[in-house]
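Reviewing the structure listed below.
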Amino acid sequence: MMFGNIYRGRRVLITGHTGFKGSWLTCWLLKLGANVIGISKDVPTHPAMFEELGLARRMRHHQADVRDLEAMRELINGEQPDFIFHLAAQAIVSASYTDPAETMSTNAMGTMNILEVLRTFQHPCVAVMITSDKCYDNVEWVWGYRETDSLGGKDIYSGSKGAAELVIKSYLHSFFQNSHPVRLGVGRAGNVIGGGDWARDRIVADCMRAWSEGRTVEIRSPRATRPWQHVLEPLSGYLALGQALNKEAGLHGEAFNFGPRAEQNHSVIELLGDLGRHWGFDNSAEACQITANIPFHEAGLLKLNCDKALFHLKWEANLAYADAVRLVGDWYAAYYRKSADMYALTLEQIAAYEQAGIGQNRAWCQS
């Protein structure tokens with residue numbers, strides 16, 4: 001019984017449901033039997049997992065911008081959700097340099113608008129606010145960042161995520177105390193890979209676009225090391241956090257990191273080599289070429305310490321690096337070869353992830 005069956009028959013609202021992570025979360029919640037409601041300003045990419053899987057007809061789909069306070073007020077009050085997962089964001093680092101105002105307004109003010117609506121919300125509700133591992137002030141040290149480490153960053157995207165965290169903290173202490181019906185939690189994760197991501201300037205999405213067209217992909221920072229994790233890893237954490245907040249008032253206001261196993265730190269060039277072999281390339285030189293054009297700052301190393309999630313939520317990552325790469329490769333191969341019903345395949349990958357959790361006796365797989 002996944003997540004104590006807490007989501008079955010419940011009204012679960014996802015902001016940013018048309019995005020990559022939002023689409024995967026929508027699928028998982030539908031599989032769990034939830035009544036899923038989504039709010040997004042648009043479908044952010046073409047193609048898009050949201051459209052390819054026909055998710056609009058499987059849920060209540062609303063088109064609205066989280067920066068529009070009155071629209072958020074009308075939709076949230078009208079839907080009366082039992083759970084909210086706030087994922088809506090401007091999530092592309094390169095885009096933050098092109099349009100910093102949109103990044104700041106979406107990530108900080110959009111988060112504030114959700115909290116402003118919930119400030120006067122009278123229906124019992126759990127709200128899981130998703131920020132990013134980029135919220136930390138990255139000083140390039142070799143150990144993982146903990147939830148108590150300094151927030152902020154040198155670039156606009158990191159700053160916007162740090163700002164969102166400050167908004168959450170100030171609203172939490174100002175308005176969500178003294179038996180307020182809404183319980184808040186924060187999830188932080190990053191370097192997520194998985195099938196169905198077509199966002200620009202994301203390494204896997206760039207590769208799949210290029211390789212499907214017979215092109216070699218250009219990469220900026222081949223030696224940059226990231227703790228790569230399949231999208232289902234942090235989503236299992238977000239769902240586990242929602243479950244725990246529903247049961248335990250003591251976790252109200254707490255933030256949690258969700259990251260992969262320590263051995264899953266691999267460089268960009270290693271990831272592309274492994275994905276390339278799955279795609280059919282004999283070596284990484286056939287799959288990618290290095291460009292000296294690095295138009296914006298990118299961190300060389302950033303990883304998370306997830307001990308707090310293990311202690312309070314009994315949450316651990318499920319997949320080895322090779323398993324994550326295989327799932328990614330299988331999803332895109334099926335899509336580009338038109339060899340599968342992509343909604344059914346996505347549910348199969350979720351079911352396989354659940355079975356891996358059962359096999360490892362993960363807490364969220366228990367009744």
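Residue names in the structure tokens use chain letters A, B, ... in the order shown, residue numbers from 1 in each chain, and ligand numbers from 1 in the order shown.
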
Mind dumping a table of every region 85-130 of chain A residue within 9 Å of region 231-252 of chain A, with the nearest atom pair and its distance in Å to one decimal, using only C-alpha atoms, sorted by chain and rising number, as a tab-separated table?
residue	atom	partner	partner_atom	distance
A:Phe85	CA	A:Tyr238	CA	8.1
A:Cys125	CA	A:Asn246	CA	8.1
A:Val126	CA	A:Asn246	CA	6.3
A:Ala127	CA	A:Gly242	CA	7.4
A:Val128	CA	A:Gly242	CA	6.4
A:Met129	CA	A:Tyr238	CA	9.0
A:Ile130	CA	A:Tyr238	CA	8.2

Members of region 81-308 of chain A assigned helix (DSSP H, G or I) by DSSP, as a PyMOL selection string: chain A and resi 93-98+100-119+133-135+156-175+203-212+232-247+249-251+262-264+268-279+284-287+307-308

Exercise: region 112-118 of chain A partners within 10 Å, only C-alpha atoms, chain neighbours under 4 positions left out, as a PyMOL selection string: chain A and resi 15+66-77+84+86+105-108+122-123+125+127+129+164-168+170-172+175-176+180-184

Can I get the selected residues back with N, CA and C atoms, as a JSON list (two decimals), in the first residue's frame?
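Output (again15.json):
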[["chain", "number", "residue", "atom", "x", "y", "z"],
["A", 15, "THR", "N", 0.53, 22.72, -8.66],
["A", 15, "THR", "CA", 0.86, 23.86, -9.52],
["A", 15, "THR", "C", 2.07, 23.46, -10.37],
["A", 66, "VAL", "N", 0.66, 31.59, -11.61],
["A", 66, "VAL", "CA", 0.75, 31.71, -10.15],
["A", 66, "VAL", "C", 1.05, 33.14, -9.71],
["A", 67, "ARG", "N", 1.49, 33.99, -10.63],
["A", 67, "ARG", "CA", 1.71, 35.40, -10.29],
["A", 67, "ARG", "C", 0.42, 36.19, -10.22],
["A", 68, "ASP", "N", -0.69, 35.59, -10.61],
["A", 68, "ASP", "CA", -2.00, 36.23, -10.57],
["A", 68, "ASP", "C", -2.69, 35.83, -9.27],
["A", 69, "LEU", "N", -2.59, 36.69, -8.27],
["A", 69, "LEU", "CA", -3.10, 36.36, -6.94],
["A", 69, "LEU", "C", -4.58, 36.06, -6.95],
["A", 70, "GLU", "N", -5.37, 36.87, -7.62],
["A", 70, "GLU", "CA", -6.82, 36.67, -7.58],
["A", 70, "GLU", "C", -7.21, 35.37, -8.29],
["A", 71, "ALA", "N", -6.50, 35.02, -9.36],
["A", 71, "ALA", "CA", -6.78, 33.75, -10.02],
["A", 71, "ALA", "C", -6.46, 32.59, -9.08],
["A", 72, "MET", "N", -5.35, 32.68, -8.36],
["A", 72, "MET", "CA", -5.00, 31.63, -7.41],
["A", 72, "MET", "C", -6.04, 31.54, -6.29],
["A", 73, "ARG", "N", -6.49, 32.67, -5.82],
["A", 73, "ARG", "CA", -7.49, 32.69, -4.76],
["A", 73, "ARG", "C", -8.77, 32.00, -5.21],
["A", 74, "GLU", "N", -9.22, 32.34, -6.43],
["A", 74, "GLU", "CA", -10.46, 31.77, -6.94],
["A", 74, "GLU", "C", -10.34, 30.27, -7.16],
["A", 75, "LEU", "N", -9.22, 29.83, -7.74],
["A", 75, "LEU", "CA", -9.06, 28.42, -8.05],
["A", 75, "LEU", "C", -8.87, 27.56, -6.80],
["A", 76, "ILE", "N", -8.01, 28.00, -5.90],
["A", 76, "ILE", "CA", -7.75, 27.20, -4.70],
["A", 76, "ILE", "C", -8.96, 27.15, -3.80],
["A", 77, "ASN", "N", -9.59, 28.29, -3.59],
["A", 77, "ASN", "CA", -10.80, 28.30, -2.76],
["A", 77, "ASN", "C", -11.93, 27.51, -3.40],
["A", 84, "ILE", "N", -1.65, 20.14, -1.49],
["A", 84, "ILE", "CA", -1.11, 20.98, -2.56],
["A", 84, "ILE", "C", 0.37, 20.67, -2.72],
["A", 86, "HIS", "N", 3.30, 22.47, -4.66],
["A", 86, "HIS", "CA", 3.60, 23.69, -5.41],
["A", 86, "HIS", "C", 4.92, 23.51, -6.15],
["A", 105, "SER", "N", 9.94, 36.93, -10.21],
["A", 105, "SER", "CA", 8.52, 37.10, -9.92],
["A", 105, "SER", "C", 7.80, 35.76, -9.85],
["A", 106, "THR", "N", 8.15, 34.82, -10.74],
["A", 106, "THR", "CA", 7.50, 33.51, -10.71],
["A", 106, "THR", "C", 7.90, 32.72, -9.48],
["A", 107, "ASN", "N", 9.18, 32.66, -9.20],
["A", 107, "ASN", "CA", 9.66, 31.78, -8.14],
["A", 107, "ASN", "C", 9.43, 32.34, -6.74],
["A", 108, "ALA", "N", 9.58, 33.64, -6.58],
["A", 108, "ALA", "CA", 9.37, 34.23, -5.25],
["A", 108, "ALA", "C", 7.93, 34.71, -5.07],
["A", 122, "GLN", "N", -9.58, 27.83, 5.12],
["A", 122, "GLN", "CA", -10.19, 27.23, 6.30],
["A", 122, "GLN", "C", -10.30, 25.71, 6.22],
["A", 123, "HIS", "N", -10.01, 25.15, 5.06],
["A", 123, "HIS", "CA", -10.09, 23.70, 4.88],
["A", 123, "HIS", "C", -8.78, 23.06, 5.29],
["A", 125, "CYS", "N", -5.52, 21.22, 5.13],
["A", 125, "CYS", "CA", -4.76, 21.01, 3.90],
["A", 125, "CYS", "C", -3.27, 20.86, 4.25],
["A", 127, "ALA", "N", 0.38, 21.43, 2.45],
["A", 127, "ALA", "CA", 1.01, 22.08, 1.30],
["A", 127, "ALA", "C", 2.50, 21.78, 1.31],
["A", 129, "MET", "N", 5.80, 22.66, -0.46],
["A", 129, "MET", "CA", 6.36, 23.72, -1.31],
["A", 129, "MET", "C", 7.71, 23.25, -1.84],
["A", 164, "ALA", "N", 12.43, 32.49, -2.47],
["A", 164, "ALA", "CA", 11.22, 31.72, -2.21],
["A", 164, "ALA", "C", 11.27, 31.08, -0.82],
["A", 165, "GLU", "N", 12.44, 30.59, -0.44],
["A", 165, "GLU", "CA", 12.58, 30.00, 0.89],
["A", 165, "GLU", "C", 12.34, 31.03, 1.99],
["A", 166, "LEU", "N", 12.84, 32.24, 1.80],
["A", 166, "LEU", "CA", 12.61, 33.30, 2.79],
["A", 166, "LEU", "C", 11.15, 33.68, 2.88],
["A", 167, "VAL", "N", 10.47, 33.70, 1.74],
["A", 167, "VAL", "CA", 9.03, 33.97, 1.73],
["A", 167, "VAL", "C", 8.30, 32.89, 2.53],
["A", 168, "ILE", "N", 8.65, 31.63, 2.27],
["A", 168, "ILE", "CA", 7.99, 30.54, 3.00],
["A", 168, "ILE", "C", 8.24, 30.65, 4.50],
["A", 170, "SER", "N", 9.00, 33.31, 6.33],
["A", 170, "SER", "CA", 8.34, 34.46, 6.95],
["A", 170, "SER", "C", 6.83, 34.24, 7.06],
["A", 171, "TYR", "N", 6.21, 33.66, 6.03],
["A", 171, "TYR", "CA", 4.78, 33.36, 6.10],
["A", 171, "TYR", "C", 4.50, 32.30, 7.15],
["A", 172, "LEU", "N", 5.36, 31.30, 7.21],
["A", 172, "LEU", "CA", 5.18, 30.24, 8.19],
["A", 172, "LEU", "C", 5.09, 30.81, 9.61],
["A", 175, "PHE", "N", 1.99, 33.57, 9.98],
["A", 175, "PHE", "CA", 0.57, 33.28, 9.77],
["A", 175, "PHE", "C", 0.16, 31.82, 9.99],
["A", 176, "PHE", "N", 1.10, 30.89, 9.92],
["A", 176, "PHE", "CA", 0.70, 29.48, 9.93],
["A", 176, "PHE", "C", 1.05, 28.81, 11.26],
["A", 180, "HIS", "N", -3.40, 26.52, 12.86],
["A", 180, "HIS", "CA", -3.87, 26.85, 11.52],
["A", 180, "HIS", "C", -4.19, 25.55, 10.77],
["A", 181, "PRO", "N", -5.27, 25.52, 9.98],
["A", 181, "PRO", "CA", -5.65, 24.26, 9.30],
["A", 181, "PRO", "C", -4.70, 23.81, 8.21],
["A", 182, "VAL", "N", -3.76, 24.66, 7.79],
["A", 182, "VAL", "CA", -2.81, 24.30, 6.75],
["A", 182, "VAL", "C", -1.46, 23.95, 7.39],
["A", 183, "ARG", "N", -0.91, 22.82, 6.99],
["A", 183, "ARG", "CA", 0.44, 22.44, 7.41],
["A", 183, "ARG", "C", 1.36, 22.55, 6.21],
["A", 184, "LEU", "N", 2.53, 23.14, 6.44],
["A", 184, "LEU", "CA", 3.50, 23.39, 5.37],
["A", 184, "LEU", "C", 4.74, 22.52, 5.53]]

Filtered DSSP result for region 21-152 of chain A, state strand (DSSP E), as a ChimeraX atom specification: /A:35-40,60-63,83-86,125-130

Spatial neighbours of Trp143 (chain A), 9 Å, only C-alpha atoms, chain gap at least 6 places, as a PyMOL selection string: chain A and resi 302-305

Next, dump the selected residues to file, keeping only N, CA and C atoms, as a PDB file, in the first residue's frame.
ATOM      1  N   LEU A 302      27.586  20.353  -6.456  1.00  0.00           N
ATOM      2  CA  LEU A 302      26.543  20.660  -5.489  1.00  0.00           C
ATOM      3  C   LEU A 302      25.828  19.354  -5.168  1.00  0.00           C
ATOM      4  N   LYS A 303      25.898  18.931  -3.924  1.00  0.00           N
ATOM      5  CA  LYS A 303      25.175  17.735  -3.527  1.00  0.00           C
ATOM      6  C   LYS A 303      24.508  17.968  -2.179  1.00  0.00           C
ATOM      7  N   LEU A 304      23.552  17.094  -1.858  1.00  0.00           N
ATOM      8  CA  LEU A 304      22.723  17.271  -0.679  1.00  0.00           C
ATOM      9  C   LEU A 304      22.992  16.194   0.360  1.00  0.00           C
ATOM     10  N   ASN A 305      22.896  16.583   1.619  1.00  0.00           N
ATOM     11  CA  ASN A 305      22.874  15.649   2.732  1.00  0.00           C
ATOM     12  C   ASN A 305      21.402  15.348   3.034  1.00  0.00           C
TER      13      ASN A 305
END

Best match for closeness to Tyr321 (chain A) among A:Ala48, A:Ala64, A:Cys365, A:Ile193, counting only C-alpha atoms: A:Ile193

All residues 10 Å or closer to region 356-359 of chain A, only C-alpha atoms, same chain fewer than 2 positions away omitted, as a PyMOL selection string: chain A and resi 1-2+236+316-319+350-354+361-366

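Using only C-alpha atoms, the shortest contact distance between Trp279 (chain A) and any of A:Ser267, A:Gln177, A:Ser212, A:Thr98 is found at A:Ser212.
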
Selection near Gly16 (chain A), 9 Å with only C-alpha atoms, sequence-local residues under 4 positions removed, as number ranges by chain: A: 20-23, 38-42, 66, 85-89

Would you kindly return, as a CSV table (one decimal) with N, CA and C atoms, in the first residue's frame, each protein, DNA or RNA residue with an atom no farther than 9 Å from any atom of Arg60 (chain A), considering only C-alpha atoms and excluding same-chain residues fewer than 3 positions away?
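The resulting file, out-v8.csv, is reproduced below:
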chain,number,residue,atom,x,y,z
A,35,ASN,N,-7.8,12.4,-6.9
A,35,ASN,CA,-8.5,13.3,-7.8
A,35,ASN,C,-7.6,14.5,-8.0
A,36,VAL,N,-6.9,14.5,-9.2
A,36,VAL,CA,-5.8,15.5,-9.4
A,36,VAL,C,-6.3,16.7,-10.1
A,37,ILE,N,-5.9,17.9,-9.5
A,37,ILE,CA,-6.3,19.2,-10.1
A,37,ILE,C,-4.9,19.9,-10.4
A,38,GLY,N,-4.9,20.5,-11.6
A,38,GLY,CA,-3.6,21.2,-11.9
A,38,GLY,C,-3.8,22.6,-12.3
A,39,ILE,N,-2.8,23.4,-12.0
A,39,ILE,CA,-2.8,24.8,-12.3
A,39,ILE,C,-1.4,25.1,-13.0
A,56,ALA,N,-4.4,16.1,-19.8
A,56,ALA,CA,-5.5,17.0,-19.6
A,56,ALA,C,-6.9,16.4,-19.4
A,57,ARG,N,-7.1,15.3,-20.1
A,57,ARG,CA,-8.4,14.6,-20.0
A,57,ARG,C,-8.5,13.6,-18.8

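Take CA of Lys308 (chain A) and CA of Tyr136 (chain A): the distance between them is 16.0 Å.
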
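The two atoms in question, CA of Leu310 (chain A) and CA of Val12 (chain A), are spaced 24.7 Å apart.
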
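Atom to atom, CA of Trp315 (chain A) and CA of His230 (chain A) stand 15.1 Å apart.
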
Of the listed residues A:Ala287, A:Ala333, A:Met342, A:Cys306, that which approaches Glu51 (chain A) most closely, counting only C-alpha atoms: A:Met342

Between region 118-202 of chain A and region 253-265 of chain A, at 8 Å or less, what are the per-residue closest atom pairs and their distances in Å? Count only C-alpha atoms, order by chain and rising residue number, and return it as a tab-separated table.
residue	atom	partner	partner_atom	distance
A:Asp133	CA	A:Asn257	CA	7.6
A:Arg146	CA	A:Asn257	CA	7.5
A:Glu147	CA	A:Ala255	CA	6.4
A:Lys169	CA	A:Gly253	CA	7.8
A:Leu172	CA	A:Gly253	CA	6.6
A:Arg183	CA	A:Gly253	CA	7.2
A:Leu184	CA	A:Gly253	CA	5.1
A:Gly185	CA	A:Gly253	CA	5.1
A:Val186	CA	A:Ala255	CA	4.3
A:Gly187	CA	A:Phe256	CA	5.2
A:Arg188	CA	A:Asn257	CA	4.8
A:Ala189	CA	A:Phe258	CA	5.2
A:Gly190	CA	A:Gly259	CA	7.4

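Using only C-alpha atoms, the shortest contact distance between Arg200 (chain A) and any of A:Met49, A:Ile92, A:Leu271, A:Val325 is found at A:Ile92.
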